[in-house]
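Engineer: Data: query_12.tsv, TSV, C-alpha atoms.
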```
chain	number	residue	atom	x	y	z
A	1	MET	CA	-189.58	52.51	92.64
A	2	LEU	CA	-187.93	50.81	89.68
A	3	ASN	CA	-190.22	48.64	87.51
A	4	MET	CA	-188.69	45.46	86.10
A	5	LEU	CA	-189.94	42.79	83.69
A	6	ILE	CA	-188.72	39.44	84.95
A	7	ASP	CA	-187.82	37.33	81.92
A	8	THR	CA	-188.46	33.59	81.65
A	9	ASP	CA	-184.73	32.88	81.79
A	10	VAL	CA	-184.34	34.68	85.11
A	11	ILE	CA	-187.06	32.54	86.66
A	12	LEU	CA	-185.64	29.33	85.19
A	13	ASP	CA	-182.13	30.24	86.33
A	14	PHE	CA	-183.52	30.50	89.85
A	15	PHE	CA	-185.61	27.31	89.85
A	16	PHE	CA	-183.05	25.13	88.06
A	17	ASP	CA	-180.06	26.73	89.82
A	18	ARG	CA	-178.43	27.33	86.44
A	19	LYS	CA	-174.89	28.55	86.93
A	20	PRO	CA	-173.49	31.16	86.59
A	21	PHE	CA	-176.79	33.08	86.60
A	22	ALA	CA	-178.62	31.49	89.56
A	23	ASP	CA	-177.20	33.88	92.17
A	24	SER	CA	-178.12	36.94	90.13
A	25	ALA	CA	-181.62	35.58	89.53
A	26	ALA	CA	-182.06	34.98	93.27
A	27	GLU	CA	-180.93	38.54	93.98
A	28	ILE	CA	-183.42	39.98	91.48
A	29	LEU	CA	-186.27	38.00	93.03
A	30	SER	CA	-185.10	38.98	96.50
A	31	LEU	CA	-185.23	42.65	95.53
A	32	CYS	CA	-188.83	42.12	94.45
A	33	GLU	CA	-189.70	40.37	97.73
A	34	ARG	CA	-188.16	43.20	99.74
A	35	LYS	CA	-190.17	45.71	97.66
A	36	MET	CA	-187.02	47.48	96.46
A	37	VAL	CA	-188.14	46.97	92.84
A	38	GLN	CA	-191.53	46.16	91.34
A	39	GLY	CA	-191.24	42.95	89.31
A	40	TYR	CA	-193.66	42.00	86.55
A	41	VAL	CA	-194.21	38.93	84.40
A	42	THR	CA	-196.47	38.45	81.40
A	43	PRO	CA	-198.99	35.64	80.95
A	44	VAL	CA	-196.71	34.11	78.30
A	45	ILE	CA	-193.80	34.06	80.75
A	46	VAL	CA	-195.94	32.29	83.35
A	47	SER	CA	-197.09	29.78	80.74
A	48	ASN	CA	-193.54	29.11	79.52
A	49	VAL	CA	-192.20	28.69	83.05
A	50	TYR	CA	-195.03	26.30	83.93
A	51	TYR	CA	-194.43	24.26	80.77
A	52	LEU	CA	-190.70	23.94	81.39
A	53	LEU	CA	-191.03	23.17	85.10
A	54	ARG	CA	-193.71	20.62	84.26
A	55	GLN	CA	-191.09	18.63	82.35
A	56	THR	CA	-189.40	17.84	85.68
A	57	ALA	CA	-192.30	17.59	88.15
A	58	ASN	CA	-196.02	16.89	88.38
A	59	HIS	CA	-198.66	19.61	88.18
A	60	GLU	CA	-199.21	19.91	91.93
A	61	LYS	CA	-195.51	20.28	92.69
A	62	VAL	CA	-195.03	22.92	89.98
A	63	ILE	CA	-198.02	24.94	91.18
A	64	ASP	CA	-196.79	24.68	94.76
A	65	LYS	CA	-193.32	25.95	93.75
A	66	LEU	CA	-194.80	28.87	91.84
A	67	LYS	CA	-197.17	29.84	94.66
A	68	LYS	CA	-194.38	29.79	97.24
A	69	ARG	CA	-192.12	32.02	95.20
A	70	PHE	CA	-194.58	34.26	93.39
```
Can you give me the file's structure in the form of structure tokens?
Structural biologist:
Amino acid sequence: MLNMLIDTDVILDFFFDRKPFADSAAEILSLCERKMVQGYVTPVIVSNVYYLLRQTANHEKVIDKLKKRF
């Protein structure tokens, strides 16, 4: 199985639907969900994603989004 580091930008492209990269980000995350690749993130990536999502939503909503997807 292919191992893949999922960068902060990929995650943000998905959550913020940033065009033109949102579809590719969704496909990468879908491959991880279907266990076709093994995706990894670092603690810094999680922290950065939380910080940036927190700018647009409260703590509970951000945590809920992250739990549903990751």
Engineer: Quick one: of A:Val49, A:Tyr40, A:Gln55, A:Arg34, who's nearest to Leu12 of chain A, counting all atoms listed in the file?
Structural biologist: A:Val49
Engineer: Might you pull out every residue within 10 Å of Thr42 of chain A, with all atoms listed in the file counted and same-chain residues fewer than 6 positions away left off, and present them as a list in words?
Structural biologist: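 Neighbouring residues, sequence-local ones excluded: Leu5, Ile6, Asp7, Thr8 and Asn48 of chain A.
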Engineer: Pick from A:Cys32, A:Ile11, A:Val46, A:Met4: nearest to Ile63 of chain A, with all atoms listed in the file counted?
Structural biologist: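 Using all atoms listed in the file, the shortest distance to Ile63 of chain A belongs to A:Val46.
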Engineer: Any idea what the distance is between atom CA of Pro20 of chain A and atom CA of Ile45 of chain A?
Structural biologist: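 So the two atoms, atom CA of Pro20 of chain A and atom CA of Ile45 of chain A, lie 21.3 Å apart.
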Engineer: Show me, as a PyMOL selection string, the residues that have an atom within 12 Å of Glu27 of chain A when counting all atoms listed in the file, minus same-chain residues fewer than 2 positions from it.
Structural biologist: chain A and resi 6+10-11+13-14+21-25+29-34+36-37
Engineer: So, with all atoms listed in the file as the atoms that count, which of A:Asn3, A:Lys19, A:Tyr50, A:Gln38 lies closest to Asp64 of chain A?
Structural biologist: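 Smallest separation from Asp64 of chain A among the options: A:Tyr50.
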Engineer: Atom CA of Gly39 of chain A and atom CA of Arg18 of chain A are how many Å apart?
Structural biologist: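 Pair atom CA of Gly39 of chain A / atom CA of Arg18 of chain A returns 20.4 Å.
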Engineer: Between atom CA of Lys35 of chain A and atom CA of Leu2 of chain A, what distance in Å does the model show, to one decimal?
Structural biologist: 9.7 Å
Engineer: Complete the atom set of segment 51-62 of chain A to all heavy atoms and return it as a PDB file, in the frame of the given file.
Structural biologist:
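Generated file (selection-v6.pdb):
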```
ATOM      1  N   TYR A  51    -194.701  25.338  81.718  1.00  0.00           N
ATOM      2  CA  TYR A  51    -194.430  24.260  80.770  1.00  0.00           C
ATOM      3  C   TYR A  51    -193.058  23.641  81.019  1.00  0.00           C
ATOM      4  O   TYR A  51    -192.913  22.415  81.042  1.00  0.00           O
ATOM      5  CB  TYR A  51    -194.513  24.801  79.326  1.00  0.00           C
ATOM      6  CG  TYR A  51    -194.101  23.784  78.300  1.00  0.00           C
ATOM      7  CD1 TYR A  51    -194.970  22.773  77.913  1.00  0.00           C
ATOM      8  CD2 TYR A  51    -192.830  23.824  77.732  1.00  0.00           C
ATOM      9  CE1 TYR A  51    -194.586  21.816  76.983  1.00  0.00           C
ATOM     10  CE2 TYR A  51    -192.438  22.885  76.800  1.00  0.00           C
ATOM     11  CZ  TYR A  51    -193.315  21.882  76.433  1.00  0.00           C
ATOM     12  OH  TYR A  51    -192.923  20.935  75.521  1.00  0.00           O
ATOM     13  N   LEU A  52    -192.045  24.470  81.204  1.00  0.00           N
ATOM     14  CA  LEU A  52    -190.700  23.940  81.390  1.00  0.00           C
ATOM     15  C   LEU A  52    -190.504  23.283  82.748  1.00  0.00           C
ATOM     16  O   LEU A  52    -189.832  22.250  82.849  1.00  0.00           O
ATOM     17  CB  LEU A  52    -189.670  25.057  81.166  1.00  0.00           C
ATOM     18  CG  LEU A  52    -189.636  25.534  79.712  1.00  0.00           C
ATOM     19  CD1 LEU A  52    -188.871  26.842  79.594  1.00  0.00           C
ATOM     20  CD2 LEU A  52    -189.042  24.471  78.806  1.00  0.00           C
ATOM     21  N   LEU A  53    -191.104  23.830  83.793  1.00  0.00           N
ATOM     22  CA  LEU A  53    -191.030  23.170  85.100  1.00  0.00           C
ATOM     23  C   LEU A  53    -191.795  21.859  85.094  1.00  0.00           C
ATOM     24  O   LEU A  53    -191.411  20.896  85.758  1.00  0.00           O
ATOM     25  CB  LEU A  53    -191.566  24.088  86.195  1.00  0.00           C
ATOM     26  CG  LEU A  53    -190.723  25.293  86.568  1.00  0.00           C
ATOM     27  CD1 LEU A  53    -191.461  26.164  87.584  1.00  0.00           C
ATOM     28  CD2 LEU A  53    -189.372  24.865  87.116  1.00  0.00           C
ATOM     29  N   ARG A  54    -192.865  21.824  84.333  1.00  0.00           N
ATOM     30  CA  ARG A  54    -193.710  20.620  84.260  1.00  0.00           C
ATOM     31  C   ARG A  54    -192.957  19.439  83.657  1.00  0.00           C
ATOM     32  O   ARG A  54    -193.302  18.291  83.891  1.00  0.00           O
ATOM     33  CB  ARG A  54    -194.964  20.945  83.443  1.00  0.00           C
ATOM     34  CG  ARG A  54    -195.980  19.849  83.355  1.00  0.00           C
ATOM     35  CD  ARG A  54    -196.589  19.566  84.729  1.00  0.00           C
ATOM     36  NE  ARG A  54    -197.640  18.594  84.589  1.00  0.00           N
ATOM     37  CZ  ARG A  54    -197.448  17.277  84.573  1.00  0.00           C
ATOM     38  NH1 ARG A  54    -196.251  16.782  84.716  1.00  0.00           N
ATOM     39  NH2 ARG A  54    -198.459  16.450  84.435  1.00  0.00           N
ATOM     40  N   GLN A  55    -191.894  19.708  82.926  1.00  0.00           N
ATOM     41  CA  GLN A  55    -191.090  18.630  82.350  1.00  0.00           C
ATOM     42  C   GLN A  55    -190.343  17.851  83.433  1.00  0.00           C
ATOM     43  O   GLN A  55    -189.909  16.724  83.196  1.00  0.00           O
ATOM     44  CB  GLN A  55    -190.083  19.202  81.347  1.00  0.00           C
ATOM     45  CG  GLN A  55    -190.680  20.027  80.234  1.00  0.00           C
ATOM     46  CD  GLN A  55    -191.697  19.277  79.404  1.00  0.00           C
ATOM     47  OE1 GLN A  55    -191.423  18.181  78.929  1.00  0.00           O
ATOM     48  NE2 GLN A  55    -192.865  19.859  79.238  1.00  0.00           N
ATOM     49  N   THR A  56    -190.185  18.454  84.616  1.00  0.00           N
ATOM     50  CA  THR A  56    -189.400  17.840  85.680  1.00  0.00           C
ATOM     51  C   THR A  56    -190.218  17.467  86.913  1.00  0.00           C
ATOM     52  O   THR A  56    -189.693  16.837  87.820  1.00  0.00           O
ATOM     53  CB  THR A  56    -188.258  18.768  86.128  1.00  0.00           C
ATOM     54  OG1 THR A  56    -188.819  19.966  86.670  1.00  0.00           O
ATOM     55  CG2 THR A  56    -187.349  19.109  84.963  1.00  0.00           C
ATOM     56  N   ALA A  57    -191.484  17.875  86.967  1.00  0.00           N
ATOM     57  CA  ALA A  57    -192.300  17.590  88.150  1.00  0.00           C
ATOM     58  C   ALA A  57    -193.775  17.540  87.771  1.00  0.00           C
ATOM     59  O   ALA A  57    -194.163  18.031  86.707  1.00  0.00           O
ATOM     60  CB  ALA A  57    -192.078  18.675  89.210  1.00  0.00           C
ATOM     61  N   ASN A  58    -194.591  16.970  88.669  1.00  0.00           N
ATOM     62  CA  ASN A  58    -196.020  16.890  88.380  1.00  0.00           C
ATOM     63  C   ASN A  58    -196.685  18.249  88.588  1.00  0.00           C
ATOM     64  O   ASN A  58    -196.102  19.171  89.153  1.00  0.00           O
ATOM     65  CB  ASN A  58    -196.693  15.791  89.203  1.00  0.00           C
ATOM     66  CG  ASN A  58    -196.686  16.079  90.690  1.00  0.00           C
ATOM     67  OD1 ASN A  58    -196.790  17.214  91.122  1.00  0.00           O
ATOM     68  ND2 ASN A  58    -196.559  15.024  91.477  1.00  0.00           N
ATOM     69  N   HIS A  59    -197.907  18.350  88.139  1.00  0.00           N
ATOM     70  CA  HIS A  59    -198.660  19.610  88.180  1.00  0.00           C
ATOM     71  C   HIS A  59    -198.712  20.210  89.578  1.00  0.00           C
ATOM     72  O   HIS A  59    -198.445  21.399  89.758  1.00  0.00           O
ATOM     73  CB  HIS A  59    -200.082  19.371  87.639  1.00  0.00           C
ATOM     74  CG  HIS A  59    -200.992  20.534  87.824  1.00  0.00           C
ATOM     75  ND1 HIS A  59    -200.954  21.634  87.002  1.00  0.00           N
ATOM     76  CD2 HIS A  59    -201.957  20.778  88.750  1.00  0.00           C
ATOM     77  CE1 HIS A  59    -201.853  22.512  87.407  1.00  0.00           C
ATOM     78  NE2 HIS A  59    -202.480  22.013  88.454  1.00  0.00           N
ATOM     79  N   GLU A  60    -199.064  19.403  90.566  1.00  0.00           N
ATOM     80  CA  GLU A  60    -199.210  19.910  91.930  1.00  0.00           C
ATOM     81  C   GLU A  60    -197.911  20.489  92.466  1.00  0.00           C
ATOM     82  O   GLU A  60    -197.903  21.544  93.110  1.00  0.00           O
ATOM     83  CB  GLU A  60    -199.727  18.809  92.871  1.00  0.00           C
ATOM     84  CG  GLU A  60    -201.159  18.401  92.626  1.00  0.00           C
ATOM     85  CD  GLU A  60    -201.323  17.468  91.413  1.00  0.00           C
ATOM     86  OE1 GLU A  60    -200.327  16.858  90.956  1.00  0.00           O
ATOM     87  OE2 GLU A  60    -202.456  17.372  90.919  1.00  0.00           O
ATOM     88  N   LYS A  61    -196.807  19.811  92.208  1.00  0.00           N
ATOM     89  CA  LYS A  61    -195.510  20.280  92.690  1.00  0.00           C
ATOM     90  C   LYS A  61    -195.113  21.593  92.017  1.00  0.00           C
ATOM     91  O   LYS A  61    -194.599  22.505  92.666  1.00  0.00           O
ATOM     92  CB  LYS A  61    -194.443  19.216  92.463  1.00  0.00           C
ATOM     93  CG  LYS A  61    -193.133  19.527  93.126  1.00  0.00           C
ATOM     94  CD  LYS A  61    -192.197  18.349  93.068  1.00  0.00           C
ATOM     95  CE  LYS A  61    -190.927  18.663  93.828  1.00  0.00           C
ATOM     96  NZ  LYS A  61    -190.024  17.533  93.863  1.00  0.00           N
ATOM     97  N   VAL A  62    -195.358  21.694  90.714  1.00  0.00           N
ATOM     98  CA  VAL A  62    -195.030  22.920  89.980  1.00  0.00           C
ATOM     99  C   VAL A  62    -195.866  24.088  90.509  1.00  0.00           C
ATOM    100  O   VAL A  62    -195.332  25.171  90.785  1.00  0.00           O
ATOM    101  CB  VAL A  62    -195.247  22.742  88.461  1.00  0.00           C
ATOM    102  CG1 VAL A  62    -195.139  24.060  87.725  1.00  0.00           C
ATOM    103  CG2 VAL A  62    -194.251  21.735  87.906  1.00  0.00           C
TER     104      VAL A  62
END
```
